[in-house]
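Peer 1: Contents of entry06.cif (mmCIF, C-alpha atoms; chains and numbers go by the auth columns) are below:
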data_start
#
loop_
_atom_site.group_PDB
_atom_site.id
_atom_site.type_symbol
_atom_site.label_atom_id
_atom_site.label_comp_id
_atom_site.label_asym_id
_atom_site.label_seq_id
_atom_site.Cartn_x
_atom_site.Cartn_y
_atom_site.Cartn_z
_atom_site.B_iso_or_equiv
_atom_site.auth_seq_id
_atom_site.auth_asym_id
ATOM 1 C CA MET A 1 -57.814 80.830 44.831 0.00 1 Z
ATOM 2 C CA ASP A 2 -54.181 80.611 43.741 0.00 2 Z
ATOM 3 C CA ALA A 3 -55.004 82.174 40.354 0.00 3 Z
ATOM 4 C CA LEU A 4 -56.700 85.180 41.965 0.00 4 Z
ATOM 5 C CA GLY A 5 -53.809 85.584 44.404 0.00 5 Z
ATOM 6 C CA LYS A 6 -51.420 85.721 41.445 0.00 6 Z
ATOM 7 C CA LEU A 7 -53.706 88.141 39.631 0.00 7 Z
ATOM 8 C CA PHE A 8 -53.653 90.533 42.590 0.00 8 Z
ATOM 9 C CA GLY A 9 -49.935 90.099 43.228 0.00 9 Z
ATOM 10 C CA SER A 10 -50.151 87.919 46.322 0.00 10 Z
ATOM 11 C CA PRO A 11 -52.602 85.838 48.339 0.00 11 Z
ATOM 12 C CA ALA A 12 -52.090 88.295 51.232 0.00 12 Z
ATOM 13 C CA ARG A 13 -53.323 91.209 49.121 0.00 13 Z
ATOM 14 C CA LEU A 14 -56.359 89.192 48.040 0.00 14 Z
ATOM 15 C CA LYS A 15 -57.185 88.366 51.673 0.00 15 Z
ATOM 16 C CA LEU A 16 -56.906 92.057 52.585 0.00 16 Z
ATOM 17 C CA LEU A 17 -59.110 93.108 49.681 0.00 17 Z
ATOM 18 C CA ARG A 18 -61.750 90.623 50.761 0.00 18 Z
ATOM 19 C CA ALA A 19 -61.540 91.778 54.378 0.00 19 Z
ATOM 20 C CA PHE A 20 -62.132 95.407 53.398 0.00 20 Z
ATOM 21 C CA ILE A 21 -64.826 94.657 50.798 0.00 21 Z
ATOM 22 C CA PHE A 22 -66.787 92.450 53.229 0.00 22 Z
ATOM 23 C CA SER A 23 -66.389 95.005 56.077 0.00 23 Z
ATOM 24 C CA PRO A 24 -66.896 98.290 54.198 0.00 24 Z
ATOM 25 C CA GLY A 25 -67.602 100.549 57.182 0.00 25 Z
ATOM 26 C CA ALA A 26 -65.086 99.062 59.608 0.00 26 Z
ATOM 27 C CA ALA A 27 -61.852 100.727 60.669 0.00 27 Z
ATOM 28 C CA LEU A 28 -59.507 97.842 61.419 0.00 28 Z
ATOM 29 C CA SER A 29 -56.160 97.757 63.206 0.00 29 Z
ATOM 30 C CA ALA A 30 -53.165 95.951 61.764 0.00 30 Z
ATOM 31 C CA GLU A 31 -53.233 93.535 64.711 0.00 31 Z
ATOM 32 C CA SER A 32 -56.875 92.611 64.199 0.00 32 Z
ATOM 33 C CA LEU A 33 -56.288 92.124 60.473 0.00 33 Z
ATOM 34 C CA ALA A 34 -53.212 89.960 61.104 0.00 34 Z
ATOM 35 C CA ALA A 35 -55.164 87.775 63.539 0.00 35 Z
ATOM 36 C CA ARG A 36 -58.265 87.518 61.347 0.00 36 Z
ATOM 37 C CA LEU A 37 -56.383 86.771 58.136 0.00 37 Z
ATOM 38 C CA ALA A 38 -53.522 84.718 59.626 0.00 38 Z
ATOM 39 C CA LEU A 39 -50.905 86.943 58.002 0.00 39 Z
ATOM 40 C CA PRO A 40 -47.431 87.809 59.321 0.00 40 Z
ATOM 41 C CA GLY A 41 -47.048 91.425 60.468 0.00 41 Z
ATOM 42 C CA GLU A 42 -44.389 92.511 57.963 0.00 42 Z
ATOM 43 C CA LYS A 43 -46.276 91.159 54.961 0.00 43 Z
ATOM 44 C CA LEU A 44 -49.504 92.719 56.228 0.00 44 Z
ATOM 45 C CA ARG A 45 -47.939 96.161 56.711 0.00 45 Z
ATOM 46 C CA ALA A 46 -46.388 96.056 53.227 0.00 46 Z
ATOM 47 C CA GLU A 47 -49.726 95.165 51.629 0.00 47 Z
ATOM 48 C CA LEU A 48 -51.581 97.810 53.663 0.00 48 Z
ATOM 49 C CA ALA A 49 -49.053 100.428 52.530 0.00 49 Z
ATOM 50 C CA ALA A 50 -49.535 99.363 48.897 0.00 50 Z
ATOM 51 C CA LEU A 51 -53.341 99.575 49.165 0.00 51 Z
ATOM 52 C CA ALA A 52 -53.106 102.954 50.921 0.00 52 Z
ATOM 53 C CA GLY A 53 -50.680 104.124 48.231 0.00 53 Z
ATOM 54 C CA ILE A 54 -53.230 103.590 45.464 0.00 54 Z
ATOM 55 C CA GLY A 55 -56.013 105.185 47.503 0.00 55 Z
ATOM 56 C CA LEU A 56 -58.149 102.099 48.087 0.00 56 Z
ATOM 57 C CA VAL A 57 -57.542 102.131 51.837 0.00 57 Z
ATOM 58 C CA ARG A 58 -57.125 105.140 54.094 0.00 58 Z
ATOM 59 C CA LYS A 59 -55.121 105.173 57.268 0.00 59 Z
ATOM 60 C CA SER A 60 -56.063 107.138 60.372 0.00 60 Z
ATOM 61 C CA GLY A 61 -53.931 107.443 63.465 0.00 61 Z
ATOM 62 C CA ALA A 62 -50.364 106.303 63.954 0.00 62 Z
ATOM 63 C CA GLY A 63 -48.458 103.535 65.639 0.00 63 Z
ATOM 64 C CA ALA A 64 -50.484 100.992 67.574 0.00 64 Z
ATOM 65 C CA LYS A 65 -53.607 103.172 67.284 0.00 65 Z
ATOM 66 C CA ALA A 66 -53.525 103.213 63.466 0.00 66 Z
ATOM 67 C CA ARG A 67 -56.729 102.068 61.800 0.00 67 Z
ATOM 68 C CA TYR A 68 -57.350 101.187 58.175 0.00 68 Z
ATOM 69 C CA ALA A 69 -60.637 101.513 56.339 0.00 69 Z
ATOM 70 C CA LEU A 70 -61.920 101.220 52.795 0.00 70 Z
ATOM 71 C CA ASP A 71 -61.940 104.610 51.069 0.00 71 Z
ATOM 72 C CA ARG A 72 -65.416 104.979 49.553 0.00 72 Z
ATOM 73 C CA ARG A 73 -64.084 107.598 47.117 0.00 73 Z
ATOM 74 C CA TYR A 74 -61.842 105.122 45.302 0.00 74 Z
ATOM 75 C CA PRO A 75 -62.879 105.459 41.631 0.00 75 Z
ATOM 76 C CA HIS A 76 -63.028 101.737 40.835 0.00 76 Z
ATOM 77 C CA LEU A 77 -64.555 100.593 44.122 0.00 77 Z
ATOM 78 C CA ALA A 78 -67.910 99.495 42.662 0.00 78 Z
ATOM 79 C CA ALA A 79 -66.264 97.336 39.998 0.00 79 Z
ATOM 80 C CA LEU A 80 -63.764 95.887 42.462 0.00 80 Z
ATOM 81 C CA ASP A 81 -66.529 95.179 44.974 0.00 81 Z
ATOM 82 C CA ARG A 82 -68.590 93.355 42.361 0.00 82 Z
ATOM 83 C CA PHE A 83 -65.565 91.365 41.168 0.00 83 Z
ATOM 84 C CA ILE A 84 -64.485 90.309 44.675 0.00 84 Z
ATOM 85 C CA ARG A 85 -68.016 89.291 45.667 0.00 85 Z
ATOM 86 C CA GLU A 86 -68.584 87.308 42.471 0.00 86 Z
ATOM 87 C CA THR A 87 -65.250 85.481 42.627 0.00 87 Z
ATOM 88 C CA THR A 88 -65.223 84.716 46.353 0.00 88 Z
ATOM 89 C CA ALA A 89 -66.818 81.367 46.836 0.00 89 Z
ATOM 90 C CA ALA A 90 -65.642 78.481 48.906 0.00 90 Z
ATOM 91 C CA GLU A 91 -65.667 75.247 46.975 0.00 91 Z
ATOM 92 C CA PRO A 92 -67.683 72.482 48.661 0.00 92 Z
ATOM 93 C CA ALA A 93 -64.740 70.065 48.325 0.00 93 Z
ATOM 94 C CA ASP A 94 -62.454 72.529 50.142 0.00 94 Z
ATOM 95 C CA LEU A 95 -65.042 73.015 52.889 0.00 95 Z
ATOM 96 C CA LYS A 96 -65.548 69.275 53.322 0.00 96 Z
ATOM 97 C CA ARG A 97 -61.798 68.770 53.544 0.00 97 Z
ATOM 98 C CA ALA A 98 -61.446 71.519 56.158 0.00 98 Z
ATOM 99 C CA LEU A 99 -64.384 70.264 58.222 0.00 99 Z
ATOM 100 C CA ARG A 100 -63.136 66.668 58.111 0.00 100 Z
ATOM 101 C CA GLN A 101 -60.522 67.707 60.709 0.00 101 Z
ATOM 102 C CA ALA A 102 -63.360 67.939 63.237 0.00 102 Z
ATOM 103 C CA GLY A 103 -64.711 64.462 62.621 0.00 103 Z
ATOM 104 C CA SER A 104 -67.388 63.090 60.357 0.00 104 Z
ATOM 105 C CA PRO A 105 -70.355 65.462 60.087 0.00 105 Z
ATOM 106 C CA GLU A 106 -73.750 63.978 59.262 0.00 106 Z
ATOM 107 C CA VAL A 107 -75.052 67.169 57.620 0.00 107 Z
ATOM 108 C CA VAL A 108 -73.316 70.300 56.331 0.00 108 Z
ATOM 109 C CA VAL A 109 -75.447 73.099 54.899 0.00 109 Z
ATOM 110 C CA LEU A 110 -74.211 76.347 53.351 0.00 110 Z
ATOM 111 C CA SER A 111 -76.440 79.403 53.537 0.00 111 Z
ATOM 112 C CA GLY A 112 -76.115 83.141 54.077 0.00 112 Z
ATOM 113 C CA PHE A 113 -72.792 84.415 52.737 0.00 113 Z
ATOM 114 C CA PHE A 114 -72.203 81.230 50.733 0.00 114 Z
ATOM 115 C CA THR A 115 -75.459 81.729 48.816 0.00 115 Z
ATOM 116 C CA GLY A 116 -75.281 85.492 48.409 0.00 116 Z
ATOM 117 C CA LEU A 117 -77.498 86.480 51.359 0.00 117 Z
ATOM 118 C CA SER A 118 -75.480 88.705 53.664 0.00 118 Z
ATOM 119 C CA GLU A 119 -78.248 89.170 56.249 0.00 119 Z
ATOM 120 C CA SER A 120 -78.726 85.520 57.166 0.00 120 Z
ATOM 121 C CA SER A 121 -78.327 84.432 60.791 0.00 121 Z
ATOM 122 C CA VAL A 122 -76.145 81.435 59.859 0.00 122 Z
ATOM 123 C CA ASP A 123 -73.684 80.874 57.014 0.00 123 Z
ATOM 124 C CA LEU A 124 -72.741 77.309 57.868 0.00 124 Z
ATOM 125 C CA LEU A 125 -74.665 74.567 59.684 0.00 125 Z
ATOM 126 C CA VAL A 126 -72.766 71.485 60.847 0.00 126 Z
ATOM 127 C CA VAL A 127 -74.587 68.514 62.358 0.00 127 Z
ATOM 128 C CA GLY A 128 -72.844 65.590 63.998 0.00 128 Z
ATOM 129 C CA ASP A 129 -72.541 63.635 67.212 0.00 129 Z
ATOM 130 C CA ALA A 130 -68.816 62.958 67.364 0.00 130 Z
ATOM 131 C CA LEU A 131 -67.464 66.353 66.294 0.00 131 Z
ATOM 132 C CA LYS A 132 -64.409 67.854 67.970 0.00 132 Z
ATOM 133 C CA GLU A 133 -65.423 71.432 68.725 0.00 133 Z
ATOM 134 C CA ARG A 134 -61.889 72.852 68.902 0.00 134 Z
ATOM 135 C CA ALA A 135 -60.934 71.263 65.592 0.00 135 Z
ATOM 136 C CA LEU A 136 -64.161 72.572 64.066 0.00 136 Z
ATOM 137 C CA ALA A 137 -63.483 76.093 65.355 0.00 137 Z
ATOM 138 C CA ARG A 138 -59.928 75.883 63.962 0.00 138 Z
ATOM 139 C CA ALA A 139 -61.279 74.720 60.576 0.00 139 Z
ATOM 140 C CA VAL A 140 -63.786 77.590 60.486 0.00 140 Z
ATOM 141 C CA ARG A 141 -61.025 80.090 61.387 0.00 141 Z
ATOM 142 C CA GLY A 142 -59.017 78.757 58.447 0.00 142 Z
ATOM 143 C CA ILE A 143 -61.982 79.256 56.127 0.00 143 Z
ATOM 144 C CA GLU A 144 -62.494 82.754 57.537 0.00 144 Z
ATOM 145 C CA ALA A 145 -58.831 83.622 56.955 0.00 145 Z
ATOM 146 C CA GLU A 146 -59.056 82.460 53.365 0.00 146 Z
ATOM 147 C CA LEU A 147 -62.306 84.297 52.649 0.00 147 Z
ATOM 148 C CA GLY A 148 -61.408 87.431 54.607 0.00 148 Z
ATOM 149 C CA ARG A 149 -64.652 87.555 56.563 0.00 149 Z
ATOM 150 C CA GLU A 150 -66.278 86.102 59.646 0.00 150 Z
ATOM 151 C CA ILE A 151 -68.376 82.989 59.124 0.00 151 Z
ATOM 152 C CA ARG A 152 -71.446 82.599 61.342 0.00 152 Z
ATOM 153 C CA TYR A 153 -71.873 78.926 62.048 0.00 153 Z
ATOM 154 C CA ALA A 154 -73.999 76.628 64.173 0.00 154 Z
ATOM 155 C CA VAL A 155 -73.181 73.149 65.414 0.00 155 Z
ATOM 156 C CA LEU A 156 -75.948 70.747 66.420 0.00 156 Z
ATOM 157 C CA SER A 157 -75.957 67.150 67.590 0.00 157 Z
ATOM 158 C CA GLY A 158 -77.891 64.704 65.437 0.00 158 Z
ATOM 159 C CA SER A 159 -80.727 64.354 67.969 0.00 159 Z
ATOM 160 C CA ASP A 160 -80.970 68.117 68.489 0.00 160 Z
ATOM 161 C CA PHE A 161 -81.103 68.662 64.723 0.00 161 Z
ATOM 162 C CA ARG A 162 -83.845 66.054 64.253 0.00 162 Z
ATOM 163 C CA TYR A 163 -85.905 67.575 67.096 0.00 163 Z
ATOM 164 C CA ARG A 164 -85.473 71.130 65.766 0.00 164 Z
ATOM 165 C CA HIS A 165 -86.246 69.974 62.237 0.00 165 Z
ATOM 166 C CA GLY A 166 -89.405 68.248 63.495 0.00 166 Z
ATOM 167 C CA VAL A 167 -90.734 71.321 65.315 0.00 167 Z
ATOM 168 C CA TYR A 168 -89.722 73.636 62.467 0.00 168 Z
ATOM 169 C CA ASP A 169 -87.304 75.628 64.624 0.00 169 Z
ATOM 170 C CA ARG A 170 -86.614 79.251 63.674 0.00 170 Z
ATOM 171 C CA LEU A 171 -82.860 78.707 63.222 0.00 171 Z
ATOM 172 C CA LEU A 172 -83.461 75.886 60.762 0.00 172 Z
ATOM 173 C CA ARG A 173 -86.294 77.805 59.104 0.00 173 Z
ATOM 174 C CA ASP A 174 -83.870 80.710 58.525 0.00 174 Z
ATOM 175 C CA ILE A 175 -81.599 78.268 56.718 0.00 175 Z
ATOM 176 C CA PHE A 176 -83.966 75.981 54.825 0.00 176 Z
ATOM 177 C CA ASP A 177 -86.602 78.564 53.794 0.00 177 Z
ATOM 178 C CA TYR A 178 -83.985 80.607 51.939 0.00 178 Z
ATOM 179 C CA PRO A 179 -81.345 79.696 49.368 0.00 179 Z
ATOM 180 C CA HIS A 180 -79.033 77.037 50.776 0.00 180 Z
ATOM 181 C CA ARG A 181 -76.766 74.222 49.583 0.00 181 Z
ATOM 182 C CA VAL A 182 -76.541 70.862 51.305 0.00 182 Z
ATOM 183 C CA ILE A 183 -72.997 69.601 50.738 0.00 183 Z
ATOM 184 C CA VAL A 184 -73.079 66.636 53.151 0.00 184 Z
ATOM 185 C CA ASP A 185 -76.222 64.612 53.862 0.00 185 Z
ATOM 186 C CA ARG A 186 -75.804 61.306 55.658 0.00 186 Z
ATOM 187 C CA ILE A 187 -79.283 61.271 57.231 0.00 187 Z
ATOM 188 C CA GLY A 188 -81.436 61.651 54.125 0.00 188 Z
ATOM 189 C CA LEU A 189 -82.715 65.211 54.269 0.00 189 Z
#
Can you dump the structure from the file as structure tokens?
Peer 2:
Amino acid sequence: MDALGKLFGSPARLKLLRAFIFSPGAALSAESLAARLALPGEKLRAELAALAGIGLVRKSGAGAKARYALDRRYPHLAALDRFIRETTAAEPADLKRALRQAGSPEVVVLSGFFTGLSESSVDLLVVGDALKERALARAVRGIEAELGREIRYAVLSGSDFRYRHGVYDRLLRDIFDYPHRVIVDRIGL
């Protein structure tokens, strides 16, 4: 991701571009963007001003009520959208490293956003008995900040996963019946 950050001038600009591309109809405040992307306020405002200056983002309102949204009339939006979507992919090694903070998961499955399906109910499934939920939530927030979008994830205990897998549960069906990638499998799926 460092190379793309350099290509776009800064990692902060890349995070903002991803946030707007993955939330095309949303009007976002500077505070919500700063919290979602883990960016300092001054850097965020400078990048927002640069994107508004070229016409990619439009600003409505002023002060604390200011909102920023993707300008659909930007002439290169389709090409930029395609480029951002095709180059935004979390590497399994990076995900494993981030999730290791929460413990030792037995199963990690990527689906939804990670496989190109935006309408999936879950993007990330983590199965494990000794997982630290706060550390897992912090790891997912870090991934979200890097990717510029919310990650829908589910956490199941090993016994709950085995039961749901045995009865062909809808949540698991929504993951395993569609494109998915198993990046950790310690139970022999």
Peer 1: Written as a list in words, what is the full residue list that the PyMOL selection byres ((chain Z and resi 59) around 12) yields on the file shown?
Peer 2: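 With the shown file as input, the PyMOL selection byres ((chain Z and resi 59) around 12) matches Ala26, Ala27, Leu28, Ser29, Ala30, Arg45, Leu48, Ala49, Ala50, Leu51, Ala52, Gly53, Gly55, Leu56, Val57, Arg58, Ser60, Gly61, Ala62, Gly63, Lys65, Ala66, Arg67, Tyr68, Ala69, Leu70 and Asp71 of chain Z.
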Peer 1: When the PyMOL selection byres ((chain Z and resi 150) around 12) is applied to the structure above, which residues does it catch, written out as number ranges by chain?
Peer 2: Z: 18-20, 22-23, 33, 35-37, 112-114, 118, 122-124, 137, 140-149, 151-153
Peer 1: Enumerate, as a VMD selection string, the protein, DNA and RNA residues whose atoms approach (-57.8, 88.5, 48.3) to within 9 Å, taking into account only C-alpha atoms and the coordinate frame of the file.
Peer 2: chain Z and resid 1 4 to 5 8 10 to 19 84 88 146 to 148
Peer 1: Find, counting only C-alpha atoms, the residue in Z:Leu125, Z:Ile54, Z:Phe176, Z:Arg181 that gets nearest to Pro92 (chain Z).
Peer 2: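 Using only C-alpha atoms, the shortest distance to Pro92 (chain Z) belongs to Z:Arg181.
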Peer 1: Which residue out of Z:Ala93, Z:Leu131, Z:Ile187, Z:Ala154 has the minimum interatomic distance to Leu172 (chain Z) when only C-alpha atoms are used?
Peer 2: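 Of the candidates, the smallest distance to Leu172 (chain Z) is held by Z:Ala154.
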Peer 1: Report the distance between CA of Asp174 (chain Z) and CA of Val109 (chain Z) in Å, rounded to one decimal place.
Peer 2: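 Between these atoms lies a distance of 11.9 Å.
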Peer 1: Measure the distance from CA of Ile183 (chain Z) to CA of Val127 (chain Z) in Å and round it to one decimal.
Peer 2: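 Taking CA of Ile183 (chain Z) as the start and CA of Val127 (chain Z) as the end point, the length is 11.8 Å.
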Peer 1: CA of Arg97 (chain Z) and CA of Val182 (chain Z), how far apart in Å?
Peer 2: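 Interatomic distance here is 15.1 Å.
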Peer 1: When the PyMOL selection byres ((chain Z and resi 161-163) around 10) is applied to the structure above, which residues does it catch, written out as number ranges by chain?
Peer 2: Z: 107, 126-128, 155-160, 164-169, 172, 187
Peer 1: Nearest to Ala139 (chain Z) among Z:Ala3, Z:Leu99, Z:Leu189, Z:Ala78, with distances taken over only C-alpha atoms: which residue is it?
Peer 2: Z:Leu99
Peer 1: Pick out the closest residue to Arg186 (chain Z) from this set: Z:Arg134, Z:Arg173, Z:Leu110, Z:Ser104. Count all atoms listed in the file.
Peer 2: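 Selected residue with least distance to Arg186 (chain Z): Z:Ser104.
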Peer 1: My structure is short of atoms at region 30-41 of chain Z; please model all heavy atoms there, returning them as a PDB file, in the frame of the given file.
Peer 2:
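Now in selection_23.pdb:
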ATOM      1  N   ALA Z  30     -54.047  96.933  62.392  1.00  0.00           N
ATOM      2  CA  ALA Z  30     -53.165  95.951  61.764  1.00  0.00           C
ATOM      3  C   ALA Z  30     -53.170  94.650  62.553  1.00  0.00           C
ATOM      4  O   ALA Z  30     -53.154  93.561  61.970  1.00  0.00           O
ATOM      5  CB  ALA Z  30     -51.747  96.520  61.653  1.00  0.00           C
ATOM      6  N   GLU Z  31     -53.220  94.749  63.886  1.00  0.00           N
ATOM      7  CA  GLU Z  31     -53.233  93.535  64.711  1.00  0.00           C
ATOM      8  C   GLU Z  31     -54.487  92.708  64.474  1.00  0.00           C
ATOM      9  O   GLU Z  31     -54.424  91.482  64.377  1.00  0.00           O
ATOM     10  CB  GLU Z  31     -53.122  93.874  66.203  1.00  0.00           C
ATOM     11  CG  GLU Z  31     -51.766  94.346  66.635  1.00  0.00           C
ATOM     12  CD  GLU Z  31     -51.774  95.826  67.001  1.00  0.00           C
ATOM     13  OE1 GLU Z  31     -52.852  96.372  67.306  1.00  0.00           O
ATOM     14  OE2 GLU Z  31     -50.703  96.430  66.951  1.00  0.00           O
ATOM     15  N   SER Z  32     -55.640  93.368  64.410  1.00  0.00           N
ATOM     16  CA  SER Z  32     -56.875  92.611  64.199  1.00  0.00           C
ATOM     17  C   SER Z  32     -56.890  91.980  62.806  1.00  0.00           C
ATOM     18  O   SER Z  32     -57.361  90.864  62.632  1.00  0.00           O
ATOM     19  CB  SER Z  32     -58.109  93.479  64.420  1.00  0.00           C
ATOM     20  OG  SER Z  32     -58.225  94.462  63.422  1.00  0.00           O
ATOM     21  N   LEU Z  33     -56.367  92.687  61.818  1.00  0.00           N
ATOM     22  CA  LEU Z  33     -56.288  92.124  60.473  1.00  0.00           C
ATOM     23  C   LEU Z  33     -55.332  90.932  60.428  1.00  0.00           C
ATOM     24  O   LEU Z  33     -55.637  89.915  59.812  1.00  0.00           O
ATOM     25  CB  LEU Z  33     -55.842  93.185  59.470  1.00  0.00           C
ATOM     26  CG  LEU Z  33     -56.905  94.194  59.063  1.00  0.00           C
ATOM     27  CD1 LEU Z  33     -56.279  95.376  58.351  1.00  0.00           C
ATOM     28  CD2 LEU Z  33     -57.950  93.534  58.181  1.00  0.00           C
ATOM     29  N   ALA Z  34     -54.192  91.057  61.091  1.00  0.00           N
ATOM     30  CA  ALA Z  34     -53.212  89.960  61.104  1.00  0.00           C
ATOM     31  C   ALA Z  34     -53.813  88.722  61.752  1.00  0.00           C
ATOM     32  O   ALA Z  34     -53.639  87.603  61.255  1.00  0.00           O
ATOM     33  CB  ALA Z  34     -51.952  90.393  61.841  1.00  0.00           C
ATOM     34  N   ALA Z  35     -54.546  88.912  62.854  1.00  0.00           N
ATOM     35  CA  ALA Z  35     -55.164  87.775  63.539  1.00  0.00           C
ATOM     36  C   ALA Z  35     -56.280  87.172  62.702  1.00  0.00           C
ATOM     37  O   ALA Z  35     -56.380  85.949  62.571  1.00  0.00           O
ATOM     38  CB  ALA Z  35     -55.702  88.220  64.897  1.00  0.00           C
ATOM     39  N   ARG Z  36     -57.117  88.005  62.121  1.00  0.00           N
ATOM     40  CA  ARG Z  36     -58.265  87.518  61.347  1.00  0.00           C
ATOM     41  C   ARG Z  36     -57.825  86.794  60.088  1.00  0.00           C
ATOM     42  O   ARG Z  36     -58.401  85.781  59.705  1.00  0.00           O
ATOM     43  CB  ARG Z  36     -59.160  88.689  60.954  1.00  0.00           C
ATOM     44  CG  ARG Z  36     -60.362  88.239  60.135  1.00  0.00           C
ATOM     45  CD  ARG Z  36     -61.071  89.351  59.421  1.00  0.00           C
ATOM     46  NE  ARG Z  36     -61.797  90.232  60.304  1.00  0.00           N
ATOM     47  CZ  ARG Z  36     -62.602  91.191  59.856  1.00  0.00           C
ATOM     48  NH1 ARG Z  36     -62.752  91.381  58.551  1.00  0.00           N
ATOM     49  NH2 ARG Z  36     -63.239  91.965  60.681  1.00  0.00           N
ATOM     50  N   LEU Z  37     -56.783  87.314  59.431  1.00  0.00           N
ATOM     51  CA  LEU Z  37     -56.383  86.771  58.136  1.00  0.00           C
ATOM     52  C   LEU Z  37     -55.205  85.810  58.218  1.00  0.00           C
ATOM     53  O   LEU Z  37     -54.768  85.291  57.191  1.00  0.00           O
ATOM     54  CB  LEU Z  37     -56.044  87.922  57.185  1.00  0.00           C
ATOM     55  CG  LEU Z  37     -57.154  88.944  56.976  1.00  0.00           C
ATOM     56  CD1 LEU Z  37     -56.677  90.082  56.105  1.00  0.00           C
ATOM     57  CD2 LEU Z  37     -58.383  88.292  56.396  1.00  0.00           C
ATOM     58  N   ALA Z  38     -54.672  85.609  59.420  1.00  0.00           N
ATOM     59  CA  ALA Z  38     -53.522  84.718  59.626  1.00  0.00           C
ATOM     60  C   ALA Z  38     -52.354  85.125  58.731  1.00  0.00           C
ATOM     61  O   ALA Z  38     -51.794  84.317  57.998  1.00  0.00           O
ATOM     62  CB  ALA Z  38     -53.914  83.261  59.399  1.00  0.00           C
ATOM     63  N   LEU Z  39     -52.009  86.416  58.799  1.00  0.00           N
ATOM     64  CA  LEU Z  39     -50.905  86.943  58.002  1.00  0.00           C
ATOM     65  C   LEU Z  39     -49.789  87.448  58.918  1.00  0.00           C
ATOM     66  O   LEU Z  39     -50.073  88.039  59.963  1.00  0.00           O
ATOM     67  CB  LEU Z  39     -51.379  88.119  57.135  1.00  0.00           C
ATOM     68  CG  LEU Z  39     -52.331  87.802  56.004  1.00  0.00           C
ATOM     69  CD1 LEU Z  39     -52.827  89.079  55.345  1.00  0.00           C
ATOM     70  CD2 LEU Z  39     -51.655  86.924  54.969  1.00  0.00           C
ATOM     71  N   PRO Z  40     -48.533  87.259  58.523  1.00  0.00           N
ATOM     72  CA  PRO Z  40     -47.431  87.809  59.321  1.00  0.00           C
ATOM     73  C   PRO Z  40     -47.431  89.334  59.257  1.00  0.00           C
ATOM     74  O   PRO Z  40     -47.818  89.927  58.244  1.00  0.00           O
ATOM     75  CB  PRO Z  40     -46.179  87.219  58.679  1.00  0.00           C
ATOM     76  CG  PRO Z  40     -46.604  86.674  57.365  1.00  0.00           C
ATOM     77  CD  PRO Z  40     -48.085  86.485  57.386  1.00  0.00           C
ATOM     78  N   GLY Z  41     -46.995  89.970  60.345  1.00  0.00           N
ATOM     79  CA  GLY Z  41     -47.048  91.425  60.468  1.00  0.00           C
ATOM     80  C   GLY Z  41     -46.346  92.194  59.372  1.00  0.00           C
ATOM     81  O   GLY Z  41     -46.878  93.175  58.852  1.00  0.00           O
TER      82      GLY Z  41
END
